[in-house]
Structure formats: C-alpha cells, structure tokens
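J.: Next comes data.cif, mmCIF, C-alpha atoms:
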data_upload
#
loop_
_atom_site.label_atom_id
_atom_site.label_comp_id
_atom_site.auth_asym_id
_atom_site.auth_seq_id
_atom_site.Cartn_x
_atom_site.Cartn_y
_atom_site.Cartn_z
CA LEU D 47 -68.84 17.14 -19.15
CA TYR D 48 -69.05 15.71 -15.62
CA VAL D 49 -66.42 13.89 -13.62
CA TYR D 50 -66.51 12.20 -10.23
CA ARG D 51 -63.26 13.06 -8.49
CA LYS D 52 -62.39 11.56 -5.13
CA GLY D 53 -61.23 14.27 -2.76
CA SER D 54 -62.88 17.12 -4.63
CA PRO D 55 -63.95 20.06 -2.45
CA THR D 56 -67.57 18.88 -2.47
CA ASN D 57 -66.67 15.17 -2.91
CA GLU D 58 -69.36 15.03 -5.55
CA ARG D 59 -69.42 15.29 -9.30
CA GLU D 60 -67.80 18.30 -10.90
CA GLY D 61 -68.81 19.86 -14.18
CA GLY D 62 -66.84 21.53 -16.89
CA TRP D 63 -66.60 22.18 -20.57
CA VAL D 64 -64.35 21.51 -23.56
CA THR D 65 -63.85 23.46 -26.75
CA SER D 66 -61.65 22.59 -29.72
CA LEU D 67 -60.74 23.82 -33.17
CA GLU D 68 -59.21 21.71 -35.95
CA TRP D 69 -57.69 23.06 -39.13
CA GLU D 70 -56.47 21.05 -42.13
CA PHE D 71 -54.00 23.48 -43.65
CA SER D 72 -52.73 21.13 -46.35
CA PRO D 73 -53.71 17.68 -47.59
CA ARG D 74 -52.66 15.16 -44.92
CA TRP D 75 -51.52 17.88 -42.46
CA TRP D 76 -53.63 19.38 -39.69
CA ALA D 77 -53.45 21.29 -36.44
CA GLN D 78 -55.76 21.26 -33.47
CA ALA D 79 -56.19 23.46 -30.40
CA ARG D 80 -58.24 22.47 -27.36
CA PHE D 81 -59.16 23.99 -24.00
CA ASP D 82 -60.60 21.99 -21.06
CA PHE D 83 -62.05 23.43 -17.87
CA VAL D 84 -63.17 21.27 -14.93
CA GLY D 85 -64.38 22.68 -11.63
CA LEU D 86 -68.00 23.75 -11.96
CA PRO D 87 -70.19 24.71 -10.18
CA ILE D 88 -67.57 26.08 -7.73
CA PRO D 89 -64.57 27.18 -9.86
CA ASP D 90 -62.80 28.94 -6.96
CA THR D 91 -62.20 25.69 -5.04
CA GLY D 92 -59.81 23.76 -7.24
CA ALA D 93 -60.63 24.34 -10.90
CA ARG D 94 -58.37 22.66 -13.45
CA ARG D 95 -57.56 24.13 -16.86
CA ARG D 96 -55.66 22.54 -19.73
CA TRP D 97 -54.55 23.95 -23.08
CA THR D 98 -53.54 21.47 -25.78
CA ALA D 99 -51.86 21.97 -29.17
CA LEU D 100 -51.61 19.11 -31.65
CA PHE D 101 -49.98 18.79 -35.07
CA ALA D 102 -50.45 15.68 -37.19
CA HIS D 103 -49.35 14.31 -40.55
CA ALA D 104 -50.73 11.27 -42.37
CA PRO D 105 -48.33 10.48 -45.22
CA ASN D 106 -50.64 7.70 -46.42
CA SER D 107 -53.81 5.90 -45.36
CA ASN D 108 -51.84 3.42 -43.19
CA ALA D 109 -49.65 5.72 -41.11
CA MET D 110 -49.87 8.88 -39.03
CA VAL D 111 -47.52 10.82 -36.77
CA ARG D 112 -48.87 13.16 -34.06
CA PHE D 113 -47.09 15.76 -31.93
CA GLN D 114 -49.00 16.99 -28.87
CA TYR D 115 -48.24 19.51 -26.12
CA ASP D 116 -50.35 20.06 -22.97
CA TYR D 117 -50.11 22.93 -20.51
CA SER D 118 -52.16 22.29 -17.34
CA VAL D 119 -53.00 24.51 -14.38
CA GLU D 120 -54.26 22.57 -11.37
CA PRO D 121 -54.53 23.30 -7.64
CA THR D 122 -51.31 21.33 -7.13
CA GLY D 123 -49.35 23.37 -9.67
CA ILE D 124 -48.52 23.82 -13.34
CA SER D 125 -47.47 20.96 -15.59
CA HIS D 126 -46.13 20.63 -19.12
CA ARG D 127 -46.43 17.41 -21.11
CA GLY D 128 -45.30 16.49 -24.60
CA GLN D 129 -46.15 13.41 -26.62
CA VAL D 130 -45.09 11.99 -29.97
CA GLN D 131 -47.21 9.18 -31.37
CA LEU D 132 -46.64 7.03 -34.45
CA ILE D 133 -49.69 5.11 -35.65
CA VAL D 134 -49.20 2.33 -38.19
CA GLY D 135 -51.99 0.04 -39.23
#
Kindly present the structure from the file in structure tokens form.

T.:
Amino acid sequence: LYVYRKGSPTNEREGGWVTSLEWEFSPRWWAQARFDFVGLPIPDTGARRRWTALFAHAPNSNAMVRFQYDYSVEPTGISHRGQVQLIVG
C-alpha cells in the first residue's frame, strides 16, 4: 500500500499495510475486523492507524444492511466514525 500525501513529513509517497479478517457466523450474517497503518518508512513522523469493525446482514440476494465503526489515530488527534448503510438492488 502506497499513498502520496501532500504535506507529509517527506512530501513523498508513504507506505503502509492493511490486514483484515472476515467471519460468516451464520447464513447471511458476517463480521469483519480491519487494521490499517500508513506512515512507512518513517513511522515516528506522523503515522496513521485505523481500526474498523463491521457487521452486515443480507436478508435476501437483493438487500444488505451494514454497520461500521472506525477508530482512527492520526497526528492531528483521535477520531470516531460510525456508518449505517442500506444497499438495495
């Protein structure tokens, strides 16, 4: 994973990594956990970390509801974000 971020400490591309785990604990229900890290090769100068938890349910093949929560740690501070998404198609 590489990102070009204007204003980064080196003003060049930064590297990072992502890992995730998904578990279908019942038919049409699943949970997912994800961790993102951006700030390589110099993690001490503004690294960003984000933890994400997601729960989803697909009652049929045409609809899905997702609940997502993000916890981010950035040089500017800590943020919390929640999202509910209804997909119909």

J.: How far is it from CA of Ile133 in chain D to CA of Trp75 in chain D, in Å with one decimal?

T.: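 Answer for the CA of Ile133 in chain D to CA of Trp75 in chain D separation: 14.6 Å.
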
J.: Taking (-48.0, 3.6, -37.6) in the file's coordinates, which residues come within 7 Å, counting all atoms listed in the file, written as an NGL selection string?

T.: :D and (108-110 or 132-135)

J.: Once the PyMOL selection byres ((chain D and resi 117) around 8) has been applied to the shown file, what residues remain in the selection, as a list of chain:residue names?

T.: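 The output of the PyMOL selection byres ((chain D and resi 117) around 8) on this file is D:Arg96, D:Trp97, D:Thr98, D:Tyr115, D:Asp116, D:Ser118, D:Val119, D:Ile124, D:Ser125, D:His126, D:Arg127.
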
J.: Please evaluate the PyMOL selection byres ((chain D and resi 86) around 7) against the displayed coordinates and give the resulting residues as an mmCIF file with C-alpha atoms, keeping the file's coordinate frame.

T.:
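result-v7.cif, written as the output of this step:
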data_model
loop_
_atom_site.group_PDB
_atom_site.id
_atom_site.type_symbol
_atom_site.label_atom_id
_atom_site.label_comp_id
_atom_site.auth_asym_id
_atom_site.auth_seq_id
_atom_site.Cartn_x
_atom_site.Cartn_y
_atom_site.Cartn_z
ATOM 1 C CA GLU D 60 -67.800 18.300 -10.900
ATOM 2 C CA GLY D 61 -68.810 19.860 -14.180
ATOM 3 C CA GLY D 62 -66.840 21.530 -16.890
ATOM 4 C CA VAL D 84 -63.170 21.270 -14.930
ATOM 5 C CA GLY D 85 -64.380 22.680 -11.630
ATOM 6 C CA PRO D 87 -70.190 24.710 -10.180
ATOM 7 C CA ILE D 88 -67.570 26.080 -7.730
ATOM 8 C CA PRO D 89 -64.570 27.180 -9.860
#

J.: Choose the residue, out of D:Ser107, D:Gln78, D:Thr122, D:Leu100, that has the smallest atom-to-atom separation from Thr65 in chain D; count all atoms listed in the file.

T.: D:Gln78

J.: Could you model N, CA, C and O atoms for range 69-82 of chain D and present them as a compact mmCIF listing (two decimals), in the frame of the given file?

T.:
# COMPACT_ATOMS: atom_id res chain seq x y z
N TRP D 69 -57.92 22.41 -37.86
CA TRP D 69 -57.69 23.06 -39.13
C TRP D 69 -56.80 22.18 -39.99
O TRP D 69 -55.68 21.87 -39.61
N GLU D 70 -57.28 21.80 -41.17
CA GLU D 70 -56.47 21.05 -42.13
C GLU D 70 -55.87 22.07 -43.09
O GLU D 70 -56.55 22.57 -43.99
N PHE D 71 -54.61 22.41 -42.88
CA PHE D 71 -54.00 23.48 -43.65
C PHE D 71 -53.36 23.00 -44.94
O PHE D 71 -52.93 23.81 -45.75
N SER D 72 -53.27 21.71 -45.15
CA SER D 72 -52.73 21.13 -46.35
C SER D 72 -53.21 19.68 -46.40
O SER D 72 -53.49 19.11 -45.34
N PRO D 73 -53.31 19.08 -47.58
CA PRO D 73 -53.71 17.68 -47.59
C PRO D 73 -52.78 16.84 -46.71
O PRO D 73 -51.56 16.96 -46.79
N ARG D 74 -53.38 16.08 -45.83
CA ARG D 74 -52.66 15.16 -44.92
C ARG D 74 -51.94 15.84 -43.76
O ARG D 74 -51.21 15.22 -43.02
N TRP D 75 -52.10 17.14 -43.59
CA TRP D 75 -51.52 17.88 -42.46
C TRP D 75 -52.63 18.63 -41.75
O TRP D 75 -53.46 19.27 -42.38
N TRP D 76 -52.65 18.58 -40.42
CA TRP D 76 -53.63 19.38 -39.69
C TRP D 76 -53.11 19.77 -38.32
O TRP D 76 -52.18 19.20 -37.79
N ALA D 77 -53.77 20.78 -37.78
CA ALA D 77 -53.45 21.29 -36.44
C ALA D 77 -54.74 21.35 -35.64
O ALA D 77 -55.82 21.50 -36.20
N GLN D 78 -54.60 21.22 -34.35
CA GLN D 78 -55.76 21.26 -33.47
C GLN D 78 -55.40 22.00 -32.19
O GLN D 78 -54.29 21.86 -31.67
N ALA D 79 -56.33 22.79 -31.69
CA ALA D 79 -56.19 23.46 -30.40
C ALA D 79 -57.39 23.08 -29.55
O ALA D 79 -58.51 22.95 -30.07
N ARG D 80 -57.16 22.90 -28.25
CA ARG D 80 -58.24 22.47 -27.36
C ARG D 80 -58.05 23.13 -26.00
O ARG D 80 -56.93 23.35 -25.55
N PHE D 81 -59.18 23.45 -25.35
CA PHE D 81 -59.16 23.99 -24.00
C PHE D 81 -60.16 23.22 -23.16
O PHE D 81 -61.31 23.04 -23.57
N ASP D 82 -59.73 22.73 -22.00
CA ASP D 82 -60.60 21.99 -21.06
C ASP D 82 -60.68 22.78 -19.76
O ASP D 82 -59.66 23.31 -19.29
